[in-house]
Every structure is written in C-alpha cells, then in structure tokens.
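Asks: What follows is structure-v5.cif; its format and atoms are mmCIF, C-alpha atoms and all ligand atoms.
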```cif
data_protein
loop_
_atom_site.label_atom_id
_atom_site.label_comp_id
_atom_site.auth_asym_id
_atom_site.auth_seq_id
_atom_site.Cartn_x
_atom_site.Cartn_y
_atom_site.Cartn_z
CA MET A 1 18.18 -10.85 -17.49
CA PRO A 2 17.21 -12.35 -14.14
CA ILE A 3 13.91 -14.21 -13.91
CA ILE A 4 12.54 -13.78 -10.39
CA LEU A 5 9.55 -15.37 -8.69
CA GLY A 6 7.93 -13.01 -6.16
CA ILE A 7 5.71 -14.18 -3.30
CA GLU A 8 3.41 -11.89 -1.29
CA SER A 9 1.26 -12.87 1.71
CA THR A 10 1.68 -10.01 4.19
CA CYS A 11 -2.00 -9.31 4.76
CA ASP A 12 -5.10 -10.59 2.96
CA GLU A 13 -3.86 -11.19 -0.57
CA THR A 14 -2.04 -14.37 -1.60
CA ALA A 15 0.02 -13.42 -4.63
CA ALA A 16 2.82 -14.74 -6.83
CA ALA A 17 4.41 -13.23 -9.93
CA VAL A 18 7.26 -13.80 -12.33
CA VAL A 19 9.22 -10.71 -13.38
CA VAL A 20 12.09 -10.51 -15.87
CA ASP A 21 14.78 -7.87 -15.69
CA GLY A 22 13.14 -6.14 -12.73
CA THR A 23 10.30 -4.57 -14.71
CA ARG A 24 8.72 -6.93 -17.25
CA VAL A 25 5.83 -8.75 -15.59
CA LEU A 26 5.32 -12.19 -17.16
CA SER A 27 2.59 -13.18 -14.70
CA ASN A 28 0.86 -11.55 -11.76
CA VAL A 29 -1.55 -13.85 -9.91
CA ILE A 30 -3.55 -12.57 -6.93
CA ALA A 31 -6.01 -14.57 -4.83
CA SER A 32 -8.02 -11.88 -3.07
CA GLN A 33 -9.71 -12.59 0.26
CA ILE A 34 -11.95 -9.51 0.14
CA ASP A 35 -15.13 -11.62 0.16
CA LEU A 36 -14.02 -13.54 3.27
CA HIS A 37 -13.36 -10.37 5.29
CA ALA A 38 -16.09 -8.07 3.91
CA LYS A 39 -18.72 -9.04 6.47
CA TYR A 40 -16.32 -8.12 9.30
CA ARG A 41 -15.49 -4.80 7.53
CA GLY A 42 -11.78 -5.46 8.03
CA VAL A 43 -9.16 -8.19 7.86
CA VAL A 44 -9.51 -11.02 10.42
CA PRO A 45 -5.94 -12.35 10.89
CA GLU A 46 -6.89 -15.95 11.64
CA ILE A 47 -9.14 -16.19 8.58
CA ALA A 48 -6.37 -14.61 6.46
CA SER A 49 -3.76 -17.19 7.58
CA ARG A 50 -6.06 -20.11 6.77
CA ALA A 51 -6.88 -18.75 3.33
CA HIS A 52 -3.15 -18.21 2.60
CA ILE A 53 -2.46 -21.87 3.40
CA GLU A 54 -5.13 -22.95 0.92
CA ASN A 55 -4.11 -20.51 -1.79
CA ILE A 56 -0.32 -20.34 -1.71
CA LEU A 57 0.61 -23.41 -3.77
CA PRO A 58 -2.07 -23.04 -6.48
CA VAL A 59 -1.17 -19.34 -6.82
CA ILE A 60 2.57 -20.07 -7.18
CA ARG A 61 1.89 -22.86 -9.68
CA GLU A 62 -0.36 -20.59 -11.74
CA ALA A 63 2.19 -17.74 -11.74
CA ILE A 64 4.92 -20.05 -13.05
CA ALA A 65 2.64 -21.68 -15.63
CA THR A 66 1.25 -18.36 -16.94
CA ALA A 67 4.76 -16.94 -17.22
CA GLY A 68 5.69 -19.86 -19.45
CA VAL A 69 8.84 -20.63 -17.48
CA THR A 70 9.96 -23.73 -15.61
CA MET A 71 11.10 -23.82 -12.00
CA PRO A 72 14.75 -24.49 -12.89
CA GLN A 73 14.71 -21.36 -15.09
CA LEU A 74 14.01 -19.12 -12.09
CA ASP A 75 17.09 -17.25 -10.89
CA ALA A 76 15.82 -16.47 -7.40
CA ILE A 77 12.81 -16.50 -5.07
CA ALA A 78 11.83 -13.14 -3.56
CA VAL A 79 9.45 -12.95 -0.63
CA ALA A 80 7.84 -10.11 1.32
CA HIS A 81 9.02 -10.90 4.84
CA ARG A 82 7.96 -7.62 6.51
CA PRO A 83 5.85 -5.92 7.73
CA GLY A 84 2.54 -7.70 8.04
CA LEU A 85 0.38 -10.07 10.04
CA ILE A 86 2.55 -12.78 11.53
CA GLY A 87 0.34 -15.74 10.54
CA SER A 88 0.01 -14.41 7.00
CA LEU A 89 3.71 -13.60 6.56
CA LEU A 90 4.83 -17.03 7.73
CA ILE A 91 2.94 -18.81 4.95
CA GLY A 92 4.69 -16.89 2.17
CA VAL A 93 8.08 -16.95 3.90
CA THR A 94 7.88 -20.71 4.49
CA ALA A 95 6.84 -21.38 0.88
CA ALA A 96 9.69 -19.20 -0.42
CA LYS A 97 12.32 -20.80 1.83
CA THR A 98 11.16 -24.27 0.85
CA MET A 99 11.37 -23.46 -2.85
CA ALA A 100 14.77 -21.78 -2.50
CA TRP A 101 16.12 -24.79 -0.61
CA ALA A 102 14.57 -27.44 -2.87
CA LEU A 103 15.60 -25.70 -6.11
CA GLY A 104 18.98 -24.52 -4.82
CA LYS A 105 18.15 -20.86 -5.71
CA PRO A 106 18.95 -17.68 -3.78
CA LEU A 107 16.31 -16.34 -1.39
CA LEU A 108 15.62 -12.57 -1.44
CA ALA A 109 13.98 -10.81 1.53
CA VAL A 110 11.89 -7.84 0.43
CA ASP A 111 10.23 -5.06 2.45
CA HIS A 112 6.58 -4.93 1.37
CA VAL A 113 6.20 -1.17 1.88
CA GLN A 114 9.34 -0.24 -0.06
CA ALA A 115 8.17 -2.58 -2.82
CA HIS A 116 5.01 -0.46 -3.21
CA LEU A 117 7.30 2.40 -4.30
CA TYR A 118 9.09 0.18 -6.81
CA SER A 119 5.73 -0.74 -8.41
CA ILE A 120 5.82 2.42 -10.55
CA LEU A 121 8.48 0.69 -12.70
CA LEU A 122 6.42 -2.40 -13.50
CA LYS A 123 4.94 -2.98 -16.91
CA ALA A 124 3.16 -5.85 -18.62
CA ASP A 125 5.38 -7.94 -20.86
CA GLN A 126 4.28 -6.47 -24.19
CA GLU A 127 3.96 -2.87 -23.03
CA ALA A 128 5.70 0.09 -24.65
CA PRO A 129 9.06 1.31 -23.29
CA ASP A 130 9.45 2.90 -19.90
CA ALA A 131 6.95 5.64 -19.16
CA HIS A 132 9.03 6.73 -16.17
CA SER A 133 12.25 7.69 -17.85
CA GLY A 134 11.97 11.03 -16.01
CA LEU A 135 12.67 9.31 -12.71
CA ARG A 136 15.43 11.18 -10.87
CA PHE A 137 16.98 10.66 -7.45
CA PRO A 138 16.79 11.81 -4.76
CA ALA A 139 13.08 11.15 -4.89
CA ILE A 140 10.43 11.31 -2.21
CA GLY A 141 8.40 8.11 -1.97
CA MET A 142 5.00 7.98 -0.38
CA VAL A 143 3.21 4.75 0.41
CA CYS A 144 -0.45 5.18 1.23
CA SER A 145 -2.30 1.94 1.78
CA GLY A 146 -4.60 0.18 4.22
CA GLY A 147 -1.74 -0.67 6.55
CA HIS A 148 0.75 2.14 5.94
CA THR A 149 1.13 5.84 5.42
CA ALA A 150 4.80 6.64 5.20
CA LEU A 151 7.25 8.96 3.48
CA TYR A 152 10.68 7.87 2.28
CA ARG A 153 13.78 9.52 0.92
CA ILE A 154 14.95 7.38 -2.01
CA SER A 155 18.60 7.97 -2.95
CA SER A 156 18.68 4.80 -5.05
CA TRP A 157 16.66 1.58 -5.11
CA SER A 158 19.05 0.12 -2.55
CA ASP A 159 19.04 3.18 -0.30
CA ILE A 160 15.50 3.93 0.93
CA GLN A 161 15.14 5.75 4.29
CA MET A 162 11.85 6.33 6.09
CA ILE A 163 11.42 10.03 6.94
CA GLY A 164 7.87 10.06 8.26
CA SER A 165 4.92 7.81 9.02
CA THR A 166 1.50 7.81 10.59
CA ILE A 167 1.32 8.05 14.35
CA ASP A 168 -2.10 6.36 14.39
CA ASP A 169 -4.31 5.23 11.48
CA ALA A 170 -3.11 4.67 7.92
CA VAL A 171 -4.94 6.73 5.32
CA GLY A 172 -6.50 3.64 3.68
CA GLU A 173 -7.63 2.48 7.12
CA ALA A 174 -9.34 5.87 7.59
CA TYR A 175 -11.07 5.40 4.21
CA ASP A 176 -12.25 1.93 5.24
CA LYS A 177 -13.47 3.10 8.66
CA VAL A 178 -15.25 6.16 7.27
CA ALA A 179 -16.93 3.91 4.70
CA ALA A 180 -18.09 1.69 7.57
CA ILE A 181 -19.44 4.73 9.48
CA LEU A 182 -21.34 5.79 6.34
CA GLY A 183 -22.75 2.27 5.86
CA LEU A 184 -20.85 1.74 2.58
CA GLY A 185 -19.08 -1.50 1.61
CA TYR A 186 -15.54 -2.82 2.15
CA PRO A 187 -12.91 -1.91 1.07
CA GLY A 188 -14.11 1.66 1.42
CA GLY A 189 -11.45 3.49 -0.61
CA PRO A 190 -12.76 2.84 -4.11
CA ILE A 191 -16.38 3.48 -3.02
CA ILE A 192 -15.57 6.82 -1.37
CA ASP A 193 -13.43 7.73 -4.39
CA ARG A 194 -16.43 7.16 -6.69
CA LEU A 195 -18.89 9.05 -4.45
CA ALA A 196 -16.47 11.94 -3.91
CA ALA A 197 -16.51 12.76 -7.62
CA ASP A 198 -20.22 13.74 -7.31
CA GLY A 199 -20.13 15.40 -3.89
CA ASP A 200 -19.40 18.92 -2.59
CA ALA A 201 -15.91 18.86 -1.07
CA ASN A 202 -16.68 22.07 0.87
CA ALA A 203 -19.93 20.80 2.40
CA VAL A 204 -18.29 19.84 5.72
CA LYS A 205 -15.08 21.41 7.03
CA PHE A 206 -13.22 18.41 8.44
CA PRO A 207 -9.89 18.94 10.29
CA ARG A 208 -6.50 18.73 8.53
CA THR A 209 -4.00 17.42 11.07
CA LEU A 210 -0.47 18.52 10.16
CA LEU A 211 1.32 18.02 13.55
CA ASP A 212 4.44 20.18 14.14
CA ARG A 213 5.53 22.80 11.59
CA ASP A 214 8.24 20.65 9.98
CA SER A 215 6.78 17.26 10.81
CA LEU A 216 6.62 14.64 8.06
CA ASP A 217 4.45 12.35 10.20
CA PHE A 218 0.73 11.86 9.66
CA SER A 219 -2.32 11.47 11.88
CA PHE A 220 -5.72 10.44 10.52
CA SER A 221 -7.56 9.28 13.64
CA GLY A 222 -8.86 12.82 14.45
CA LEU A 223 -10.33 13.10 10.96
CA LYS A 224 -12.00 9.71 11.30
CA THR A 225 -13.50 10.70 14.67
CA ALA A 226 -14.67 14.03 13.20
CA VAL A 227 -16.59 12.11 10.53
CA LEU A 228 -18.05 9.80 13.18
CA TYR A 229 -19.27 12.74 15.30
CA HIS A 230 -20.59 14.54 12.25
CA VAL A 231 -22.64 11.49 11.24
CA ARG A 232 -23.80 10.20 14.64
CA GLY A 233 -23.62 13.41 16.70
CA VAL A 234 -21.27 14.17 19.58
CA PRO A 235 -21.96 11.88 22.57
CA SER A 236 -23.11 13.82 25.64
CA ARG A 237 -24.34 12.96 29.12
CA ARG A 238 -27.94 13.39 27.94
CA ASP A 239 -27.40 11.38 24.77
CA PRO A 240 -24.41 9.01 25.31
CA GLN A 241 -25.23 7.06 22.16
CA ALA A 242 -25.45 10.28 20.09
CA THR A 243 -28.56 9.31 18.15
CA LYS A 244 -28.66 11.61 15.13
CA PRO A 245 -30.85 10.56 12.19
CA ALA A 246 -28.92 8.71 9.47
CA PRO A 247 -27.60 10.98 6.68
CA THR A 248 -29.44 11.10 3.36
CA GLN A 249 -27.76 9.74 0.22
CA ALA A 250 -26.92 13.31 -0.85
CA GLU A 251 -25.35 14.01 2.55
CA VAL A 252 -23.33 10.78 2.39
CA THR A 253 -21.96 11.87 -0.99
CA ASP A 254 -20.99 15.30 0.38
CA ILE A 255 -19.38 13.76 3.49
CA ALA A 256 -17.37 11.40 1.25
CA ALA A 257 -16.17 14.34 -0.88
CA SER A 258 -15.33 16.47 2.18
CA PHE A 259 -13.45 13.61 3.86
CA GLN A 260 -11.47 12.84 0.71
CA SER A 261 -10.61 16.50 0.27
CA ALA A 262 -9.20 16.62 3.84
CA CYS A 263 -7.05 13.52 3.17
CA ILE A 264 -5.72 14.94 -0.10
CA ASP A 265 -4.94 18.34 1.44
CA VAL A 266 -2.85 16.69 4.16
CA ILE A 267 -1.01 14.45 1.70
CA LEU A 268 -0.21 17.40 -0.61
CA LYS A 269 1.04 19.54 2.26
CA LYS A 270 3.35 16.75 3.53
CA LEU A 271 4.66 16.04 0.04
CA ARG A 272 5.51 19.75 -0.38
CA ARG A 273 7.31 19.77 2.97
CA ALA A 274 9.28 16.63 2.13
CA THR A 275 10.18 17.88 -1.36
CA ASP A 276 11.52 21.14 0.09
CA GLN A 277 13.38 19.53 3.00
CA PHE A 278 15.17 16.97 0.79
CA ASP A 279 15.47 18.88 -2.51
CA ALA A 280 13.64 16.02 -4.18
CA ARG A 281 13.61 15.81 -7.96
CA CYS A 282 10.45 13.75 -8.24
CA ILE A 283 7.76 12.00 -6.23
CA LEU A 284 6.76 8.33 -6.35
CA ILE A 285 3.42 7.28 -4.86
CA GLY A 286 2.34 3.68 -4.31
CA GLY A 287 -0.07 1.60 -2.24
CA GLY A 288 -3.82 1.06 -2.56
CA VAL A 289 -4.75 4.72 -2.04
CA SER A 290 -2.50 5.74 -4.95
CA ALA A 291 -5.33 4.46 -7.18
CA ASN A 292 -7.45 7.38 -5.91
CA ARG A 293 -8.65 9.55 -8.78
CA GLY A 294 -8.98 12.69 -6.65
CA LEU A 295 -5.39 12.33 -5.41
CA ARG A 296 -4.04 11.77 -8.92
CA ALA A 297 -5.92 14.84 -10.22
CA ALA A 298 -4.72 17.01 -7.31
CA LEU A 299 -1.06 16.22 -8.07
CA VAL A 300 -1.13 17.04 -11.79
CA ASN A 301 0.43 20.48 -11.24
CA PHE A 302 2.80 19.54 -8.41
CA PRO A 303 6.14 21.43 -8.63
CA VAL A 304 8.15 18.24 -9.39
CA PRO A 305 7.04 15.27 -11.54
CA VAL A 306 4.84 12.75 -9.72
CA HIS A 307 4.90 9.08 -10.76
CA PHE A 308 2.10 6.63 -9.98
CA PRO A 309 2.05 2.86 -10.61
CA PRO A 310 -0.22 1.45 -13.30
CA LEU A 311 -3.60 0.80 -11.62
CA ALA A 312 -3.02 -2.97 -11.70
CA TYR A 313 0.00 -2.59 -9.39
CA CYS A 314 -1.37 -0.04 -6.86
CA THR A 315 -2.80 -2.59 -4.45
CA ASP A 316 -0.95 -5.58 -3.01
CA ASN A 317 0.74 -7.77 -5.60
CA ALA A 318 3.82 -9.97 -5.91
CA ALA A 319 5.24 -8.37 -9.07
CA MET A 320 6.51 -5.46 -6.95
CA ILE A 321 8.17 -7.98 -4.60
CA ALA A 322 9.93 -9.70 -7.52
CA GLY A 323 10.88 -6.26 -8.94
CA LEU A 324 12.57 -4.96 -5.80
CA GLY A 325 13.96 -8.48 -5.31
CA ASP A 326 15.75 -8.03 -8.65
CA VAL A 327 17.68 -5.05 -7.18
CA GLN A 328 18.86 -7.26 -4.31
CA TYR A 329 19.67 -10.14 -6.64
CA ARG A 330 21.97 -7.93 -8.72
CA ALA A 331 23.65 -6.65 -5.55
CA GLY A 332 24.20 -10.24 -4.33
CA ASN A 333 22.16 -9.37 -1.26
CA PHE A 334 20.79 -12.85 -0.49
CA ALA A 335 18.84 -13.90 2.62
CA SER A 336 19.61 -16.99 4.66
CA LEU A 337 17.17 -19.85 5.12
CA GLU A 338 16.83 -18.65 8.72
CA LEU A 339 15.01 -15.53 7.50
CA ASP A 340 12.39 -14.30 10.00
CA ALA A 341 9.00 -12.76 9.33
CA ILE A 342 8.67 -9.29 10.90
CA THR A 343 5.26 -8.04 12.06
CA TYR A 344 3.84 -4.50 12.00
CA SER A 345 4.52 -3.92 15.69
CA GLN A 346 8.13 -5.15 15.53
CA PHE A 347 8.58 -2.96 12.46
CA ARG A 348 7.24 0.23 14.03
CA ARG A 349 9.39 -0.06 17.15
O1 LIG A 401 -1.91 -1.52 -0.75
P1 LIG A 401 -3.14 -2.20 -0.33
O2 LIG A 401 -3.77 -3.18 -1.28
O3 LIG A 401 -2.95 -3.01 0.99
C1 LIG A 401 -2.14 -2.65 2.06
O4 LIG A 401 -0.90 -2.87 2.00
O5 LIG A 401 -2.74 -2.11 3.01
O6 LIG A 401 -4.18 -1.06 0.06
C2 LIG A 401 -5.52 -1.31 0.39
C3 LIG A 401 -6.16 0.01 0.80
C4 LIG A 401 -7.56 -0.15 1.36
O7 LIG A 401 -7.64 0.58 2.57
C5 LIG A 401 -8.45 0.48 0.29
O8 LIG A 401 -9.63 1.07 0.82
C6 LIG A 401 -7.53 1.51 -0.32
O9 LIG A 401 -6.26 0.88 -0.35
N1 LIG A 401 -7.90 1.90 -1.68
C7 LIG A 401 -8.28 3.16 -2.02
C8 LIG A 401 -8.61 3.13 -3.40
N2 LIG A 401 -8.41 1.84 -3.86
C9 LIG A 401 -7.97 1.11 -2.78
N3 LIG A 401 -8.36 4.28 -1.29
C10 LIG A 401 -8.77 5.41 -1.90
N4 LIG A 401 -9.12 5.46 -3.21
C11 LIG A 401 -9.05 4.36 -3.99
N5 LIG A 401 -9.41 4.44 -5.29
ZN ZN A 402 0.46 -3.12 0.67
#
```
What would the structure in this file look like if it were written as structure tokens?
Ligand code: KG4
Ligand code: ZN
Replies:
Amino acid sequence: MPIILGIESTCDETAAAVVVDGTRVLSNVIASQIDLHAKYRGVVPEIASRAHIENILPVIREAIATAGVTMPQLDAIAVAHRPGLIGSLLIGVTAAKTMAWALGKPLLAVDHVQAHLYSILLKADQEAPDAHSGLRFPAIGMVCSGGHTALYRISSWSDIQMIGSTIDDAVGEAYDKVAAILGLGYPGGPIIDRLAADGDANAVKFPRTLLDRDSLDFSFSGLKTAVLYHVRGVPSRRDPQATKPAPTQAEVTDIAASFQSACIDVILKKLRRATDQFDARCILIGGGVSANRGLRAALVNFPVPVHFPPLAYCTDNAAMIAGLGDVQYRAGNFASLELDAITYSQFRR
C-alpha cells in the first residue's frame, strides 16, 4: 500500500496531503490565500508566489505530522507540475524535487486538471467503503473550476484524453466575474450558488452558447457580457458608460439564479453530447464548480450515473495530486529531477 505525499501550488492554494493506497486520505492541509486576493477580486500572481514561499514548508510539515508518518516511510513525492501560474508552480515543483532528491524517493509529475477528476475516489481515512463502486469506463470527465472548463474521455486512470475545453472564460471565472459585476464577494461561486436557490431562474433570459452542433467546447464570455449589459445597460454613443441604476437585492437574486441556470443548461447539454459521442458509461465531475448545489440537483436524473467528489475535495487540494500520483507510482512512471513546470498558456497551445 503506497504512502504518497502530494504537493499542490498551481494557483492560490498551498496544499500538501498524505494518501495511502490511492484513496485513503491521512492528511489534507490547505493554506488558502483567499483573504490576500479578495480585495483585487481575483488572483494576483506575484502575491500568490510570495505566499507559496512562506507557506510551503509549514504546510508539508503539517501534512506529514497529521498523517502520523515519517519522511522515510513515504514511498514517493507527487507534485502538480501543470497547468498553472509559473511563479506558483515553481514553488511546489522545487519543494517536491528537493524532497525526492534528499530522501532518495521517486518523483511523480501530476496534471492538476486530471487530478480534479480523480478526486471523486478520495475518502477520509475512517470512512465507509467506496461509494463509487459503480464507476465504469469509458467515462466522461468534466472539470469545471476557476481556471478550467474541460471535458475528457477517460478510458482508464492512465489514459485520459481531452475532448473539449473553453475557448474563452472558465465557468468558475464567469461566476467570479458575474459576482464582481453584482457587487458580491470573492470567490463568487458559492455566493451565487446560495443566492440562486432563492431567485427566479426565468427572470432574465441569458444566452446559452453551444458553438457548433457537435462541438464539445465551451464559451462563457458572451454570458458574462450579457450579465454586464443587463446590470449596467448597453453602452451607446449617448451613454458610453451605460449608467443604469444599480439592481435591487431582489433583482440581484434573480440575476444570480438566471445566470446559474444558463451555466447549468450549457453544462448539461455538453455532457449529453459527450456521453452520446463516446458511449460513456458514467460521468465524473470535479473542480470548484462541482460543489454547486444547483448543478448537482440538475444531474440527479442524468441518463448515466454521475459521480461528484466529496465537498472537501471539490476545490484545489493535494490529496487528489497524491491520489493520481499513486496510479503513476504503480505504473513505474517516474519523473526526472529535471521536471519542468508548465503554465496555462503552454498547456493550451
Ligand atoms: O478548483 P478550484 O478551487 O480552483 C481552480 O483550479 O480554479 O475552483 C475555484 C472556483 C472559483 O471560481 C469558485 O468561484 C468556484 O470554483 N466555486 C463555485 C462553488 N464553489 C466554488 N462555483 C459555483 N458554485 C459553487 N458552490
Ligand atoms: Zn483546480
């Protein structure tokens, strides 16, 4: 039963976790930077890198101590080396390489986005047996987070192919930007999720962008702009600043519900397309937006079983990195100490 240390620093969370046997989470430590970035209503890369430097060693130490293991007992060090912000990634990758070299343990290079899909298999150490025994391949994986909206065909945990992705904003990014337009806090997803439960989803007919008939790609920037124009008015020559009065609280609630309904409609439609095109036997959904209550409710009667991660593992964490690292460890798929960090833009190319 391999004991793997996972390290995650792709964006604004410094995280480390110890996972046994690919699924049993012995510790899952996350130093969130939300407070540092909240006033900018988004992640500031330079601030993120600095905070990672301060947090990385205490977080790793705490993960190992909480797990009740010693460093020599670790079988390997897994690190998320792509995709992410370059300054952020380098902190985790450097820490992982240093530990692998100093301890003489294998280094495992894990794709952060694929790891979000794996998070459905994670469970706390004392938890009951596997709730996802119905997992069948081929599966369609969907990662919907602040940085990514992508669909994957999963033939096995070592064969994951991307089949579609966003051509502009990620869905979580749209949530965060719409929350900013509505004057709500950051991150916007959970706030809009809460408001949407009390609003009228049919109050405003926002666009559902589906692209070509068979397309598995996404586009959310039109929806975001539609919300902006609805709230501030459409800029014109006479009124370039589009100065509409601010919406009332009741209107904000209805806009949140209508926006969320548009996002969910698009996601459902794309999941149906992907399921049909690839004869999928189940769906796995991960990433921050997979915590969304409206989305979970809308998928209850989906034609094939839909698996979500436990809420604790929806947003960025290192347990999912250690978990997918376990698959690579068993396959003997080790990374060299020359491992590079790969940014979002290099990844999308
Ligand atoms: O996976 P994650 O922690 O980080 C990335 O890899 O991007 O996802 C963060 C994103 C944020 O955009 C946040 O607003 C969104 O997930 N989010 C939600 C909910 N909880 C977090 N979006 C919708 N509904 C939620 N309940
Ligand atoms: Zn993520």
Asks: As a quick test: using all atoms listed in the file, which residues lie no more than 12 Å away from ligand ZN 402 (chain A)? Give them as a ChimeraX atom specification.
Replies: /A:8-15,80,82-85,111-119,143-150,170,172-173,286-290,313-318,320-321,344
Asks: Which polymer residues have any atom within 10 Å of an atom of Gly92 (chain A), counting only C-alpha atoms, with same-chain residues fewer than 4 positions away left out, as a ChimeraX atom specification?
Replies: /A:6-10,14-16,52-53,56-57,78-81,87-88,96-98,341
Asks: Using only C-alpha atoms, which of the listed residues (A:Leu195, A:Leu210, A:Asn301, A:Ser219) sits closest to Ser165 (chain A)?
Replies: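 Among the listed residues, A:Ser219 lies closest to Ser165 (chain A).
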Asks: Between CA of Leu89 (chain A) and CA of Val20 (chain A), measure the distance and give it in Å to one decimal.
Replies: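 According to the coordinates, CA of Leu89 (chain A) and CA of Val20 (chain A) are separated by 24.1 Å.
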Asks: Kindly indicate which residue among A:Thr23, A:Gln241, A:Ser336, A:Ser261 lies nearest to ligand LIG 401 (chain A), using all atoms listed in the file for the distances.
Replies: A:Ser261
Asks: Please define a box with edges along x, y and z of the file around all atoms of ligand LIG 401 (chain A) given in the file, extend it by 6 Å on each side, and return its centre and edge lengths in Å to one decimal, as lines of an AutoDock Vina configuration file.
Replies:
```
center_x = -5.3
center_y = 1.1
center_z = -1.1
size_x = 20.7
size_y = 20.6
size_z = 20.3
```
Asks: By how many Å are CA of Asp193 (chain A) and atom O2 of ligand LIG 401 (chain A) apart?
Replies: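 These atoms are spaced 14.9 Å apart.
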Asks: Closest to ligand LIG 401 (chain A) among A:Val43, A:Leu324, A:Met71, A:Ala280, using only C-alpha atoms and all ligand atoms?
Replies: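 With only C-alpha atoms and all ligand atoms as the atom set, the closest residue is A:Val43.
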Asks: Quick one: residues within 12 Å of (15.9, -16.7, 10.5) (file frame), counting all atoms listed in the file, please, as a VMD selection string.
Replies: chain A and resid 81 90 93 to 94 97 107 109 335 to 342
Asks: Would you list the contacts of Asp276 (chain A) as a list in words, taking every protein, DNA or RNA residue within 12 Å and counting all atoms listed in the file, but skipping same-chain residues closer than 4 positions in sequence?
Replies: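 Surrounding residues, per the criterion: Pro138, Ala139, Ile140, Arg153, Asp214, Leu216, Lys269, Lys270, Leu271, Arg272, Ala280, Arg281, Cys282, Ile283, Pro303 and Val304 of chain A.
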